[in-house]
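Everything on this sheet refers to the single structure shown next.
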Amino acid sequence: MTFFNSRNPIYRSPTGAVPAGTRVHFKITVPRSMACSAAYLLVLDTDGRTVCNDMFWCGMNGDDHEWWECHFAPQNAGLCFYHFELRTSRGHFVLKKDIGGEARAGGSEDWQLTAYSADFKTPEWLAGGVLYQIFPDRFYCSGREKHDIPYGRTMHADWSEQPEWRPNAEGKITNTDFFGGDLKGIEQKLGYLKSLGVTCIYLNPIFESHSNHRYDTANYEKIDPLLGTEEDFRSLCAAAKARGIRILLDGVFSHTGSDSIYFNREGRYGDGGAYRSQQSPYYPWYSFRSWPNDYECWWNFTTLPNVREGNPDYDAYINGEDGIIHRWLAAGASGWRLDVADELPDEFIAKIRAAMNEENPDTYLLGEVWEDASNKVSYGALREYFLGSELDATMHYPFRTAVLDFLLGKIHAQAACDAFWTIQEHYPKENLYAALNLIGSHDRARVLTVLGGDVNALKMAMFLQFALPGVPSIYYGDEAGMTGGTDPYNRGSFPWGKGNAPLTDFVRSLTAMYQETPLLRRGECEMLSFGENVLGCRRFDESGSVLALVNRGEEAVECFGVTVPGRGYILE
């Protein structure tokens with residue numbers, strides 16, 4: 001039987017995350033045969049104290065059950081965890097979470113109640129938008145002559161060649177092959193992106209670096225010469241803005257490249273840098289166990305020395321009045337995506353957010369977090385991404401996992417439904433509706449490859465991107481049917497003139513559906529499943545509702561008053 005369901009407003013109102021100070025009403029129903037004499041709501045509060053709340057008998061629920069109720073209000077932003085305990089004629093019962101958010105005796109998991117800052121808001125321009133992620137070297141080459149290109153790079157002669165990932169003569173994989181995509185090329189293709197319904201472009205790193213992925217920053221103050229100049233960046237931002245498109249930059253602030261003006265292990269930048277002089281102004285940025293060759297680095301990659309985010313000079317360089325955050329927002333960017341956000345201290349992320357607000361409060365801060373970001377623990381600490389002073393959203397990898405596992409038959413519809421319900425229950429609505437509903441990215445094999453080349457399955461996955469709460473996110477080329485395994489083959493060059501045109505048109509139809517159906521953009525969401533094969537949701541508000549369902553099975557299914565075609569989807 002159901003004692004309690006955290007997702008049902010009859011049992012908990014309001015459901016989901018709440019602003020700090022909100023009075024939450026809890027009700028449980030207990031069989032009369034248990035002769036319950038006392039009931040309690042036990043809450044591990046945001047300050048780490050366990051609070052025991054007496055529940056009160058509040059009437060009958062039919063002939064055989066009774067209701068018990070109480071209220072609890074989290075006073076501060078943070079996470080609360082709660083369960084129920086009963087004193088009955090059968091002894092002491094502990095009610096904890098079971099699958100589906102329901103309670104059962106002997107359950108092992110407390111429910112989570114997220115409390116966040118009451119005045120937290122995400123940028124208005126993001127609502128109802130579509131994001132498009134570009135790996136800059138591989139999107140489009142303008143054909144303009146390149147100048148002042150650093151040494152050590154090789155250029156592909158043919159745009160359609162495969163990326164290179166073979167060790168060099170020294171046995172090292174350097175990621176130094178380039179195709180020549182540039183910022184002017186992106187600007188030249190803004191019309192194409194506009195036709196897809198794109199409202200925001202997320203650029204993988206564009207600052208000077210000596211690998212094609214550019215996550216080994218050499219100079220935060222300079223656009224990589226292969227991509228263009230600061231003038232080209234400003235031109236791209238202005239041209240995009242004229243089409244209603246924003247630009248989001250990738251900020252790699254947990255580490256730099258070893259081949260950089262800051263560290264300079266390879267000596268490219270003269271005699272300066274922390275590796276070459278302990279008198280370098282950058283020396284305090286890094287943690288040397290034994291200078292110069294033994295230093296902390298990202299995941300033991302010696303080409304990626306970690307920085308000390310708490311160092312005042314580094315903090316000022318990134319977040320100060322004349323720092324990197326301000327500089328590139330002033331140049332035209334509308335936000336930042338934080339690489340490996342879970343390896344940046346909360347205090348540092350909050351300073352980035354504050355610097356962004358100083359420059360322009362209407363900016364978007366996205367974090368790379370692969371798990372449920374509301375209760376993420378890293379380096380022994382419960383993170384504070386969604387409490388109101390840090391991230392607007394995260395790259396929604398739990399979305400990707402649930403969608404692809406469902407379509408690949410690894411889980412049934414109810415399990416996928418429960419995964420989405422859990423996120424919806426844990427995330428503040430503002431953070432959830434700003435999250436990137438992604439199925440492809442530069443860090444994963446191409447989605448069409450993961451799906452075994454099944455274009456129909458890809459269409460269902462894309463449909464769910466637009467149907468569920470969040471910002472639909474298209475990884476460049478997925479709309480053209482690009483395939484490829486893991487890095488570097490997921491980072492191939494865009495197949496201009498050779499892509500899957502019907503699939504591209506399908507994405508255009510999804511963005512049109514999205515714009516024409518306001519409920520898909522900001523409506524409330526009730527997750528739904530039917531049998532093993534039908535997954536979706538009901539989006540609703542006071543004006544009405546729509547059903548959005550996909551059916552991975554071969555046969556059509558009648559459910560929720562509609563017929564969902566086999567291997568297809570329906571919006572009604």
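Letters A, B, ... mark the chains of the structure tokens in the order given; residue numbers begin at 1 per chain; ligand numbers begin at 1, in order shown.
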
### Query
Can you tell me, as a list in words, what residues are no more than 8 Å from Phe253 (chain A) when counting only C-alpha atoms, ignoring any on the same chain fewer than 6 positions away?
Val307, Glu309, Leu338, Asp339 and Leu344 of chain A

### Query
Neighbours of Val562 (chain A) within 10 Å (only C-alpha atoms; same-chain residues fewer than 4 positions away dropped), as number ranges by chain?
A: 547, 549, 557-558, 570-572

### Query
Taking the backbone alone, and naming residues the way the document does, which bits of region 334-429 of chain A are helix (DSSP H, G or I) by DSSP, as a PyMOL selection string?
chain A and resi 341-343+346-359+397-407+413-426+429

### Task
Mind checking which residues fall within 12 Å of Ser211 (chain A), counting only C-alpha atoms, ignoring those fewer than 3 positions away in the same chain, and posting them as a PyMOL selection string?
chain A and resi 137+150-154+164-165+173-179+205-208+214-218+224+226+257-260+303-304+488

## Note on the structure
Using only C-alpha atoms, the residue out of A:Leu248, A:Leu528, A:Leu391, A:Val450 with shortest distance to Ala354 (chain A) is A:Leu391

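Residues with any atom within 12 Å of Glu66 (chain A), counting only C-alpha atoms and excluding same-chain neighbours fewer than 5 positions away, are Phe3, Lys27, Ile28, Thr29, Val30, Pro31, Arg32, Ser33, Met34, Ala35, Cys36, Ser37, Ala39, Phe56, Trp57, Cys58, Gly59, Met60 and Asn61 of chain A.
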
### Query
Using the chain letters and numbers from this document, which residues of region 2-108 of chain A does DSSP assign to strand (DSSP E), as a VMD selection string?
chain A and resid 12 to 13 18 to 19 24 to 31 38 to 44 50 to 61 65 to 72 78 to 88 91 to 97 103 to 105

Output the selection as a compact mmCIF listing (two decimals), in the first residue's frame - C-alpha atoms for each residue.
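After the write, out_39.txt holds the following:
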```txt
# COMPACT_ATOMS: atom_id res chain seq x y z
CA ARG A 12 3.44 16.73 -0.03
CA SER A 13 2.59 20.28 -1.00
CA VAL A 18 11.22 25.03 -2.65
CA PRO A 19 12.51 28.49 -1.77
CA VAL A 24 5.76 22.39 3.27
CA HIS A 25 2.71 20.32 4.17
CA PHE A 26 3.27 16.57 4.71
CA LYS A 27 0.54 13.92 4.96
CA ILE A 28 0.80 10.16 5.34
CA THR A 29 -1.96 7.58 5.31
CA VAL A 30 -1.85 4.63 7.71
CA PRO A 31 -4.05 1.51 7.91
CA ALA A 38 2.05 8.43 17.14
CA ALA A 39 3.72 9.52 13.89
CA TYR A 40 6.79 11.65 13.31
CA LEU A 41 8.52 13.42 10.44
CA LEU A 42 12.29 13.29 11.02
CA VAL A 43 14.31 15.83 9.04
CA LEU A 44 18.05 16.17 8.75
CA THR A 50 17.91 16.20 13.07
CA VAL A 51 14.51 17.77 13.74
CA CYS A 52 11.67 15.57 15.00
CA ASN A 53 8.27 16.92 13.97
CA ASP A 54 5.16 15.52 15.62
CA MET A 55 2.44 14.59 13.16
CA PHE A 56 -1.20 14.98 14.04
CA TRP A 57 -4.21 12.76 13.29
CA CYS A 58 -6.35 14.67 10.78
CA GLY A 59 -9.21 12.38 9.76
CA MET A 60 -10.18 9.21 7.99
CA ASN A 61 -9.09 8.19 4.51
CA HIS A 65 -7.10 4.24 6.64
CA GLU A 66 -6.40 7.47 8.46
CA TRP A 67 -4.43 10.63 7.74
CA TRP A 68 -1.58 12.10 9.77
CA GLU A 69 -0.07 15.48 8.92
CA CYS A 70 2.42 18.20 9.85
CA HIS A 71 4.30 21.15 8.39
CA PHE A 72 8.01 21.80 8.06
CA GLY A 78 20.55 23.71 1.40
CA LEU A 79 19.49 20.07 1.36
CA CYS A 80 17.16 18.44 3.86
CA PHE A 81 16.65 14.68 4.06
CA TYR A 82 13.55 13.23 5.68
CA HIS A 83 11.65 10.06 6.53
CA PHE A 84 8.74 9.03 8.77
CA GLU A 85 8.49 6.91 11.88
CA LEU A 86 5.37 5.32 13.35
CA ARG A 87 4.53 3.96 16.79
CA THR A 88 1.92 1.21 16.33
CA GLY A 91 5.85 -2.03 16.96
CA HIS A 92 8.05 0.74 15.60
CA PHE A 93 8.00 1.34 11.84
CA VAL A 94 10.42 3.43 9.77
CA LEU A 95 9.07 4.59 6.40
CA LYS A 96 11.67 5.44 3.78
CA LYS A 97 11.77 5.94 0.03
CA ALA A 103 7.19 4.97 1.09
CA ARG A 104 7.55 1.50 2.46
CA ALA A 105 8.58 -0.01 5.77
```

What are the closest atom pairs, with distances in Å to one decimal, for all residues of region 407-492 of chain A lying within 7 Å of region 500-507 of chain A? Consider only C-alpha atoms, order rows by chain and residue number, and present the result as CSV.
```
residue,atom,partner,partner_atom,distance
A:Glu479,CA,A:Thr504,CA,4.9
A:Ala480,CA,A:Asn500,CA,4.8
A:Gly481,CA,A:Asn500,CA,5.4
```

### Query
If you count only C-alpha atoms, which residues fall within 8 Å of Glu425 (chain A), apart from same-chain ones fewer than 3 positions away, as an MDAnalysis selection string?
chainID A and resid 7 15:17 421:422

### Task
For Pro398 (chain A), please output as a count of residues only all residues within 7 Å (counting only C-alpha atoms; exclusion window: fewer than 4 positions along the same chain).
4

#### Entry: Who sits within 10 Å of region 142-148 of chain A, only C-alpha atoms, same chain under 5 positions skipped, as a VMD selection string
chain A and resid 180 to 189 224 to 229

Restricting it to N, CA, C and O atoms, dump the selection as a PDB file, in the first residue's frame.
```
ATOM      1  N   GLY A 180      41.012  23.712 -39.559  1.00  0.00           N
ATOM      2  CA  GLY A 180      40.967  25.114 -39.969  1.00  0.00           C
ATOM      3  C   GLY A 180      39.629  25.794 -39.817  1.00  0.00           C
ATOM      4  O   GLY A 180      39.436  26.912 -40.329  1.00  0.00           O
ATOM      5  N   GLY A 181      38.673  25.174 -39.123  1.00  0.00           N
ATOM      6  CA  GLY A 181      37.439  25.879 -38.818  1.00  0.00           C
ATOM      7  C   GLY A 181      37.748  27.142 -38.033  1.00  0.00           C
ATOM      8  O   GLY A 181      38.699  27.184 -37.257  1.00  0.00           O
ATOM      9  N   ASP A 182      36.945  28.203 -38.241  1.00  0.00           N
ATOM     10  CA  ASP A 182      37.267  29.478 -37.603  1.00  0.00           C
ATOM     11  C   ASP A 182      36.006  30.254 -37.237  1.00  0.00           C
ATOM     12  O   ASP A 182      34.883  29.851 -37.575  1.00  0.00           O
ATOM     13  N   LEU A 183      36.200  31.376 -36.539  1.00  0.00           N
ATOM     14  CA  LEU A 183      35.069  32.185 -36.079  1.00  0.00           C
ATOM     15  C   LEU A 183      34.335  32.816 -37.250  1.00  0.00           C
ATOM     16  O   LEU A 183      33.098  32.916 -37.234  1.00  0.00           O
ATOM     17  N   LYS A 184      35.071  33.252 -38.267  1.00  0.00           N
ATOM     18  CA  LYS A 184      34.412  33.811 -39.452  1.00  0.00           C
ATOM     19  C   LYS A 184      33.567  32.748 -40.152  1.00  0.00           C
ATOM     20  O   LYS A 184      32.504  33.050 -40.717  1.00  0.00           O
ATOM     21  N   GLY A 185      34.034  31.506 -40.104  1.00  0.00           N
ATOM     22  CA  GLY A 185      33.239  30.422 -40.678  1.00  0.00           C
ATOM     23  C   GLY A 185      31.917  30.253 -39.953  1.00  0.00           C
ATOM     24  O   GLY A 185      30.865  30.045 -40.582  1.00  0.00           O
ATOM     25  N   ILE A 186      31.963  30.329 -38.629  1.00  0.00           N
ATOM     26  CA  ILE A 186      30.718  30.238 -37.851  1.00  0.00           C
ATOM     27  C   ILE A 186      29.801  31.400 -38.209  1.00  0.00           C
ATOM     28  O   ILE A 186      28.587  31.216 -38.411  1.00  0.00           O
ATOM     29  N   GLU A 187      30.375  32.597 -38.315  1.00  0.00           N
ATOM     30  CA  GLU A 187      29.563  33.766 -38.667  1.00  0.00           C
ATOM     31  C   GLU A 187      28.902  33.574 -40.034  1.00  0.00           C
ATOM     32  O   GLU A 187      27.735  33.946 -40.228  1.00  0.00           O
ATOM     33  N   GLN A 188      29.629  32.989 -40.961  1.00  0.00           N
ATOM     34  CA  GLN A 188      29.063  32.771 -42.292  1.00  0.00           C
ATOM     35  C   GLN A 188      27.915  31.761 -42.287  1.00  0.00           C
ATOM     36  O   GLN A 188      27.105  31.753 -43.223  1.00  0.00           O
ATOM     37  N   LYS A 189      27.851  30.920 -41.272  1.00  0.00           N
ATOM     38  CA  LYS A 189      26.808  29.895 -41.193  1.00  0.00           C
ATOM     39  C   LYS A 189      25.693  30.267 -40.205  1.00  0.00           C
ATOM     40  O   LYS A 189      24.870  29.410 -39.852  1.00  0.00           O
ATOM     41  N   ASP A 224      42.644  32.026 -30.233  1.00  0.00           N
ATOM     42  CA  ASP A 224      43.629  31.218 -30.940  1.00  0.00           C
ATOM     43  C   ASP A 224      43.759  31.709 -32.382  1.00  0.00           C
ATOM     44  O   ASP A 224      42.741  31.901 -33.078  1.00  0.00           O
ATOM     45  N   PRO A 225      44.996  31.923 -32.866  1.00  0.00           N
ATOM     46  CA  PRO A 225      45.182  32.495 -34.207  1.00  0.00           C
ATOM     47  C   PRO A 225      44.526  31.698 -35.330  1.00  0.00           C
ATOM     48  O   PRO A 225      44.133  32.286 -36.346  1.00  0.00           O
ATOM     49  N   LEU A 226      44.411  30.386 -35.192  1.00  0.00           N
ATOM     50  CA  LEU A 226      43.717  29.616 -36.235  1.00  0.00           C
ATOM     51  C   LEU A 226      42.237  29.957 -36.298  1.00  0.00           C
ATOM     52  O   LEU A 226      41.603  29.809 -37.353  1.00  0.00           O
ATOM     53  N   LEU A 227      41.673  30.397 -35.176  1.00  0.00           N
ATOM     54  CA  LEU A 227      40.252  30.737 -35.143  1.00  0.00           C
ATOM     55  C   LEU A 227      40.003  32.177 -35.558  1.00  0.00           C
ATOM     56  O   LEU A 227      38.894  32.510 -35.990  1.00  0.00           O
ATOM     57  N   GLY A 228      41.002  33.025 -35.378  1.00  0.00           N
ATOM     58  CA  GLY A 228      40.828  34.419 -35.757  1.00  0.00           C
ATOM     59  C   GLY A 228      41.370  35.366 -34.708  1.00  0.00           C
ATOM     60  O   GLY A 228      42.348  35.069 -34.015  1.00  0.00           O
ATOM     61  N   THR A 229      40.702  36.495 -34.553  1.00  0.00           N
ATOM     62  CA  THR A 229      41.155  37.562 -33.673  1.00  0.00           C
ATOM     63  C   THR A 229      40.020  37.980 -32.744  1.00  0.00           C
ATOM     64  O   THR A 229      38.870  37.556 -32.904  1.00  0.00           O
TER      65      THR A 229
END
```

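Taking CA of Gly566 (chain A) as the reference point, CA of Val403 (chain A) is found at 17.0 Å.
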
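Comparing A:Thr449, A:Gly171, A:Asn437, A:Gly332 by their smallest distance to Ser235 (chain A), the closest is A:Gly332 (using only C-alpha atoms).
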
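Relative to CA of Asp478 (chain A), CA of Trp496 (chain A) is found at 12.5 Å.
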
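Using only C-alpha atoms, the shortest contact distance between Gly320 (chain A) and any of A:Gly409, A:Thr114, A:Ala77, A:Met356 is found at A:Met356.
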
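What separates CA of Ala20 (chain A) from CA of Ala118 (chain A) is a distance of 6.2 Å.
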